[in-house]
Amino acid sequence: MGAAPGRRWIRIFGLTALVLAARMTGSSSPAAAAEPSWGSLRLAFDERYDDNIIQLSPRDLDRLQNPTPSQQARNIAANRFSIDTPDDFVSIPRLSTGLRTTWLRDLPTTFSLDGSFYRYRDNPIKNYESYRLSVLQPLHRGKHATTVRLYYSLTPSFYVRNMVSDIAVEEGVVPLTSPVRRLEARYKKAILQIQMDQAVLPDRLWLELIAGDEERNYDHFFNERDSEMPYYAAGPIWTPLTGGRLRLGATFRREDLHTRGSRGDPFIHDDVSSRRDVVTAEARVRWGAKGRRKSISAEYEDERRVYVTTDVNDAFHFDRTDKRRYATLTFRADLKGGWFLAASGERDTNRSHFAAPGLATDPSDATDFDENLYTVSLGYAFGARDKEKMTP
């Protein structure tokens with residue numbers, strides 16, 4: 001796949017970071033101004049229950065949970081599953097640290113680094129880590145403040161599910177038998193994003209603009225799924241009450257996923273290239289004094305995903321449309337001395353519509369599924385009292 005646009009994003013981000021570093025350490029600024037003036041550290045531990053960890057369809061859930069002897073033998077022969085249970089408890093230690101510098105008068109630059117470590121109790125094949133580095137820079141203060149945020153996130157390895165590999169069959173690694181033996185599919189994911197928040201009405205209305213690129217690099221046997229996905233989003237954020245007690249937001253997002261499979265390889269008929277339109281609505285209610293605040297937030301996301309392959313031999317993606325919906329409800333409470341507690345419930349659903357209904361075989365990737373997640377979080381924020389809120 002062509003990764004040149006992604007590399008350009010990385011160069012832009014790297015050059016921006018170097019410029020910021022140079023400005024912080026340059027001899028033209030006073031030494032005191034280049035020194036860090038603020039730091040924070042946040043530690044948290046999440047305990048989550050996920051009832052469908054690899055987003056299996058009802059048919060595959062039944063295959064895993066209630067197989068007949070013949071189904072069990074076929075599942076083993078096909079290596080259909082590498083998980084033992086469709087659900088699992090997930091322990092998630094999280095670490096976030098921040099540093100603020102004052103290389104520009106009254107426009108402090110904030111650097112932050114986050115790490116999350118997902119550990120599955122019964123299915124360790126799903127274990128993974130995620131890291132994010134971000135730079136937050138106000139460009140203008142006052143009534144019409146402008147803030148820009150750059151961030152880069154990395155997931156080094158993520159297990160998706162067991163899938164049929166056309167490359168493995170061609171190379172003879174997996175014999176062409178019935179059923180064809182599946183392999184464990186993993187990818188590395190990197191996201192580079194720039195976001196701008198522009199105050200339109202002071203303390204009331206903001207406009208959020210986002211542009212980014214996501215790259216996924218699968219292991220060798222699934223090269224046709226390597227992808228690059230530029231995306232763009234925009235939407236308003238409205239706080240009609242003083243102090244940000246009520247926050248309302250809406251966003252429209254366009255994603256264009258381009259995969260290697262779309263280049264016309266005559267031996268590969270798995271092209272997951274797609275165009276995605278996502279509409280998100282969110283609301284948050286907050287109350288209580290500073291340091292003891294509580295909030296309830298809700299978010300609803302509706303996505304229409306259209307697969308764009310023109311290969312009629314790709315029966316699982318040709319003329320296919322998915323409808324995906326995501327909803328979450330979260331309660332958060334700040335406790336004494338920097339402690340905080342949160343609880344959330346999430347529901348993710350997908351429904352796939354194929355040009356050829358009643359397919360004789362099953363797609364490797366996710367189709368119809370329902371997934372519910374329930375999470376409880378406890379954490380402690382060092383330096384929380386000194387942290388300045390930079391976004392609405």
# chains A, B, ... in the order shown; residues from 1 in each chain; ligands from 1
>>> select_by_dssp(residues="range 276-328 of chain A", states="strand (DSSP E or B)", output="PyMOL selection string")
chain A and resi 276-287+294-307+321-328
>>> residues_around(residues="range 149-154 of chain A", least_positions_apart="5", cutoff="9 Å", atoms="only C-alpha atoms", output="list of chain:residue names")
A:Ile10, A:Phe13, A:Thr16, A:Glu129, A:Ser130, A:Tyr131, A:Arg132, A:Leu133, A:Ser134, A:Val135, A:Leu136, A:Gln137, A:Pro138, A:Lys188, A:Lys189, A:Ala190, A:Ile191, A:Leu192, A:Gln193, A:Ile194, A:Gln195, A:Met196, A:Asp197
>>> select_by_dssp(residues="range 46-233 of chain A", states="helix (DSSP H, G or I)", output="ChimeraX atom specification")
/A:58-65,69-78,124-126,166-170,220-225
>>> write_last_selection(atoms="N, CA and C atoms", output="CSV table (one decimal), in the first residue's frame")
chain,number,residue,atom,x,y,z
A,58,PRO,N,-24.0,-13.7,15.8
A,58,PRO,CA,-24.7,-14.7,16.6
A,58,PRO,C,-24.4,-16.2,16.2
A,59,ARG,N,-24.2,-16.4,14.9
A,59,ARG,CA,-23.8,-17.7,14.4
A,59,ARG,C,-22.5,-18.2,15.0
A,60,ASP,N,-21.5,-17.3,15.0
A,60,ASP,CA,-20.2,-17.7,15.5
A,60,ASP,C,-20.2,-17.8,17.1
A,61,LEU,N,-21.0,-17.0,17.7
A,61,LEU,CA,-21.2,-17.2,19.2
A,61,LEU,C,-21.7,-18.5,19.5
A,62,ASP,N,-22.7,-19.0,18.7
A,62,ASP,CA,-23.3,-20.3,18.9
A,62,ASP,C,-22.2,-21.4,18.6
A,63,ARG,N,-21.4,-21.2,17.6
A,63,ARG,CA,-20.3,-22.2,17.2
A,63,ARG,C,-19.4,-22.3,18.4
A,64,LEU,N,-19.0,-21.2,19.1
A,64,LEU,CA,-18.1,-21.2,20.1
A,64,LEU,C,-18.6,-21.7,21.4
A,65,GLN,N,-19.9,-21.4,21.7
A,65,GLN,CA,-20.4,-21.7,23.0
A,65,GLN,C,-21.2,-23.0,23.1
A,69,PRO,N,-20.9,-32.0,18.2
A,69,PRO,CA,-19.6,-32.7,18.0
A,69,PRO,C,-19.0,-32.5,16.6
A,70,SER,N,-19.9,-32.5,15.6
A,70,SER,CA,-19.4,-32.3,14.2
A,70,SER,C,-18.9,-30.9,14.1
A,71,GLN,N,-19.6,-29.9,14.6
A,71,GLN,CA,-19.2,-28.5,14.6
A,71,GLN,C,-17.9,-28.3,15.3
A,72,GLN,N,-17.7,-28.9,16.5
A,72,GLN,CA,-16.5,-28.8,17.2
A,72,GLN,C,-15.3,-29.3,16.4
A,73,ALA,N,-15.5,-30.5,15.8
A,73,ALA,CA,-14.4,-31.0,15.0
A,73,ALA,C,-14.1,-30.1,13.8
A,74,ARG,N,-15.1,-29.5,13.2
A,74,ARG,CA,-14.8,-28.6,12.1
A,74,ARG,C,-14.2,-27.3,12.5
A,75,ASN,N,-14.6,-26.8,13.7
A,75,ASN,CA,-14.0,-25.6,14.3
A,75,ASN,C,-12.5,-25.8,14.5
A,76,ILE,N,-12.1,-27.0,15.1
A,76,ILE,CA,-10.7,-27.3,15.3
A,76,ILE,C,-10.0,-27.4,14.0
A,77,ALA,N,-10.6,-28.1,13.0
A,77,ALA,CA,-9.9,-28.3,11.8
A,77,ALA,C,-9.6,-27.0,11.1
A,78,ALA,N,-10.6,-26.1,11.2
A,78,ALA,CA,-10.5,-24.8,10.6
A,78,ALA,C,-9.7,-23.8,11.4
A,124,PRO,N,-5.8,-14.4,27.0
A,124,PRO,CA,-4.6,-13.5,27.0
A,124,PRO,C,-4.1,-13.2,25.6
A,125,ILE,N,-4.6,-13.9,24.6
A,125,ILE,CA,-4.2,-13.6,23.2
A,125,ILE,C,-4.7,-12.1,22.8
A,126,LYS,N,-5.7,-11.6,23.6
A,126,LYS,CA,-6.2,-10.3,23.3
A,126,LYS,C,-5.4,-9.2,24.0
A,166,ASP,N,-5.5,-15.6,2.1
A,166,ASP,CA,-5.2,-16.0,0.7
A,166,ASP,C,-3.7,-16.2,0.4
A,167,ILE,N,-2.9,-15.4,1.0
A,167,ILE,CA,-1.5,-15.4,0.8
A,167,ILE,C,-0.9,-16.8,1.3
A,168,ALA,N,-1.4,-17.2,2.5
A,168,ALA,CA,-0.9,-18.4,3.1
A,168,ALA,C,-1.2,-19.6,2.2
A,169,VAL,N,-2.4,-19.6,1.6
A,169,VAL,CA,-2.8,-20.7,0.7
A,169,VAL,C,-1.9,-20.7,-0.5
A,170,GLU,N,-1.7,-19.5,-1.1
A,170,GLU,CA,-0.8,-19.4,-2.3
A,170,GLU,C,0.6,-19.8,-2.0
A,220,HIS,N,2.3,-10.5,7.8
A,220,HIS,CA,2.6,-10.9,6.4
A,220,HIS,C,1.4,-11.6,5.7
A,221,PHE,N,0.7,-12.5,6.4
A,221,PHE,CA,-0.3,-13.3,5.8
A,221,PHE,C,-1.6,-12.5,5.5
A,222,PHE,N,-1.7,-11.3,5.9
A,222,PHE,CA,-2.9,-10.5,5.6
A,222,PHE,C,-2.5,-9.1,5.1
A,223,ASN,N,-1.5,-9.1,4.2
A,223,ASN,CA,-1.0,-7.9,3.6
A,223,ASN,C,-2.1,-7.2,2.8
A,224,GLU,N,-3.1,-7.9,2.3
A,224,GLU,CA,-4.1,-7.3,1.5
A,224,GLU,C,-5.0,-6.3,2.4
A,225,ARG,N,-4.9,-6.5,3.7
A,225,ARG,CA,-5.7,-5.6,4.6
A,225,ARG,C,-4.9,-4.4,5.2
>>> closest_residue(among="A:Gly379, A:Gly261, A:Gly243, A:Pro156", to="Ser273 in chain A", atoms="only C-alpha atoms")
A:Gly261
>>> residues_around(residues="Glu208 in chain A", least_positions_apart="4", cutoff="9 Å", atoms="only C-alpha atoms", output="compact mmCIF listing (two decimals) with all heavy atoms, in the first residue's frame")
# COMPACT_ATOMS: atom_id res chain seq x y z
N GLN A 195 -5.92 18.86 15.68
CA GLN A 195 -7.24 19.35 16.07
C GLN A 195 -7.14 20.82 16.44
O GLN A 195 -6.21 21.24 17.12
CB GLN A 195 -7.76 18.56 17.27
CG GLN A 195 -9.07 19.07 17.86
CD GLN A 195 -9.52 18.25 19.05
OE1 GLN A 195 -9.27 17.05 19.11
NE2 GLN A 195 -10.15 18.88 20.02
N MET A 196 -8.13 21.59 16.00
CA MET A 196 -8.19 23.01 16.35
C MET A 196 -9.53 23.31 17.00
O MET A 196 -10.59 22.91 16.49
CB MET A 196 -8.01 23.90 15.12
CG MET A 196 -7.95 25.38 15.48
SD MET A 196 -7.75 26.47 14.04
CE MET A 196 -9.41 26.44 13.36
N ASP A 197 -9.49 24.00 18.15
CA ASP A 197 -10.69 24.49 18.83
C ASP A 197 -10.70 26.00 18.74
O ASP A 197 -9.75 26.67 19.18
CB ASP A 197 -10.70 24.05 20.30
CG ASP A 197 -10.83 22.54 20.44
OD1 ASP A 197 -11.76 21.98 19.85
OD2 ASP A 197 -9.99 21.92 21.13
N GLN A 198 -11.77 26.54 18.16
CA GLN A 198 -11.89 27.97 17.97
C GLN A 198 -13.13 28.48 18.70
O GLN A 198 -14.25 28.03 18.45
CB GLN A 198 -12.01 28.30 16.49
CG GLN A 198 -12.28 29.76 16.18
CD GLN A 198 -11.13 30.65 16.63
OE1 GLN A 198 -9.98 30.44 16.23
NE2 GLN A 198 -11.42 31.64 17.48
N ALA A 199 -12.92 29.42 19.64
CA ALA A 199 -14.03 30.04 20.34
C ALA A 199 -14.77 30.98 19.39
O ALA A 199 -14.17 31.88 18.80
CB ALA A 199 -13.55 30.79 21.57
N ALA A 233 -13.14 15.80 10.41
CA ALA A 233 -14.32 15.96 11.25
C ALA A 233 -14.48 17.41 11.63
O ALA A 233 -13.51 18.17 11.73
CB ALA A 233 -14.22 15.09 12.51
N ALA A 234 -15.73 17.80 11.86
CA ALA A 234 -16.03 19.17 12.27
C ALA A 234 -17.35 19.18 13.03
O ALA A 234 -18.24 18.38 12.74
CB ALA A 234 -16.09 20.11 11.08
N GLY A 235 -17.44 20.10 13.99
CA GLY A 235 -18.69 20.21 14.72
C GLY A 235 -18.62 21.26 15.81
O GLY A 235 -17.53 21.67 16.23
N PRO A 236 -19.78 21.72 16.29
CA PRO A 236 -19.83 22.73 17.35
C PRO A 236 -19.88 22.12 18.74
O PRO A 236 -20.31 20.98 18.93
CB PRO A 236 -21.15 23.46 17.05
CG PRO A 236 -22.02 22.36 16.49
CD PRO A 236 -21.11 21.44 15.73
N ILE A 237 -19.39 22.89 19.71
CA ILE A 237 -19.52 22.57 21.13
C ILE A 237 -20.18 23.77 21.80
O ILE A 237 -19.69 24.90 21.68
CB ILE A 237 -18.15 22.29 21.77
CG1 ILE A 237 -17.48 21.09 21.10
CG2 ILE A 237 -18.30 22.03 23.28
CD1 ILE A 237 -16.04 20.88 21.55
N THR A 251 -20.83 16.25 15.91
CA THR A 251 -19.72 16.15 14.98
C THR A 251 -20.11 15.34 13.76
O THR A 251 -20.81 14.32 13.88
CB THR A 251 -18.50 15.47 15.65
OG1 THR A 251 -18.15 16.15 16.85
CG2 THR A 251 -17.30 15.45 14.72
>>> atom_distance(atom1="CA of His258 in chain A", atom2="CA of Ala211 in chain A")
16.3 Å
>>> residues_around(residues="Ala333 in chain A", least_positions_apart="3", cutoff="6 Å", atoms="only C-alpha atoms", output="PyMOL selection string")
chain A and resi 293-294+340-341
>>> write_last_selection(atoms="all heavy atoms", output="mmCIF file, in the first residue's frame")
data_model
loop_
_atom_site.group_PDB
_atom_site.id
_atom_site.type_symbol
_atom_site.label_atom_id
_atom_site.label_comp_id
_atom_site.auth_asym_id
_atom_site.auth_seq_id
_atom_site.Cartn_x
_atom_site.Cartn_y
_atom_site.Cartn_z
ATOM 1 N N ARG A 293 -16.306 17.832 41.942
ATOM 2 C CA ARG A 293 -17.280 17.851 40.872
ATOM 3 C C ARG A 293 -17.738 16.446 40.480
ATOM 4 O O ARG A 293 -16.991 15.483 40.598
ATOM 5 C CB ARG A 293 -16.692 18.560 39.648
ATOM 6 C CG ARG A 293 -16.633 20.069 39.787
ATOM 7 C CD ARG A 293 -15.940 20.701 38.619
ATOM 8 N NE ARG A 293 -15.942 22.162 38.730
ATOM 9 C CZ ARG A 293 -15.159 22.969 38.052
ATOM 10 N NH1 ARG A 293 -14.281 22.450 37.201
ATOM 11 N NH2 ARG A 293 -15.225 24.271 38.202
ATOM 12 N N LYS A 294 -18.952 16.406 39.981
ATOM 13 C CA LYS A 294 -19.522 15.168 39.450
ATOM 14 C C LYS A 294 -20.122 15.480 38.093
ATOM 15 O O LYS A 294 -20.520 16.607 37.808
ATOM 16 C CB LYS A 294 -20.578 14.610 40.398
ATOM 17 C CG LYS A 294 -20.047 14.258 41.776
ATOM 18 C CD LYS A 294 -21.157 13.812 42.696
ATOM 19 C CE LYS A 294 -20.609 13.431 44.069
ATOM 20 N NZ LYS A 294 -19.933 14.568 44.717
ATOM 21 N N PHE A 340 -10.416 10.099 41.986
ATOM 22 C CA PHE A 340 -11.619 10.190 41.163
ATOM 23 C C PHE A 340 -12.147 8.782 40.882
ATOM 24 O O PHE A 340 -11.419 7.786 40.905
ATOM 25 C CB PHE A 340 -11.350 10.933 39.846
ATOM 26 C CG PHE A 340 -10.300 10.304 38.973
ATOM 27 C CD1 PHE A 340 -10.625 9.357 38.018
ATOM 28 C CD2 PHE A 340 -8.963 10.684 39.099
ATOM 29 C CE1 PHE A 340 -9.653 8.792 37.211
ATOM 30 C CE2 PHE A 340 -7.984 10.127 38.296
ATOM 31 C CZ PHE A 340 -8.331 9.176 37.349
ATOM 32 N N LEU A 341 -13.455 8.726 40.632
ATOM 33 C CA LEU A 341 -14.155 7.459 40.404
ATOM 34 C C LEU A 341 -15.055 7.629 39.189
ATOM 35 O O LEU A 341 -15.679 8.684 39.010
ATOM 36 C CB LEU A 341 -14.996 7.092 41.628
ATOM 37 C CG LEU A 341 -15.845 5.822 41.547
ATOM 38 C CD1 LEU A 341 -14.955 4.579 41.514
ATOM 39 C CD2 LEU A 341 -16.810 5.745 42.734
#
>>> atom_distance(atom1="CA of Ser40 in chain A", atom2="CA of Phe382 in chain A")
5.6 Å
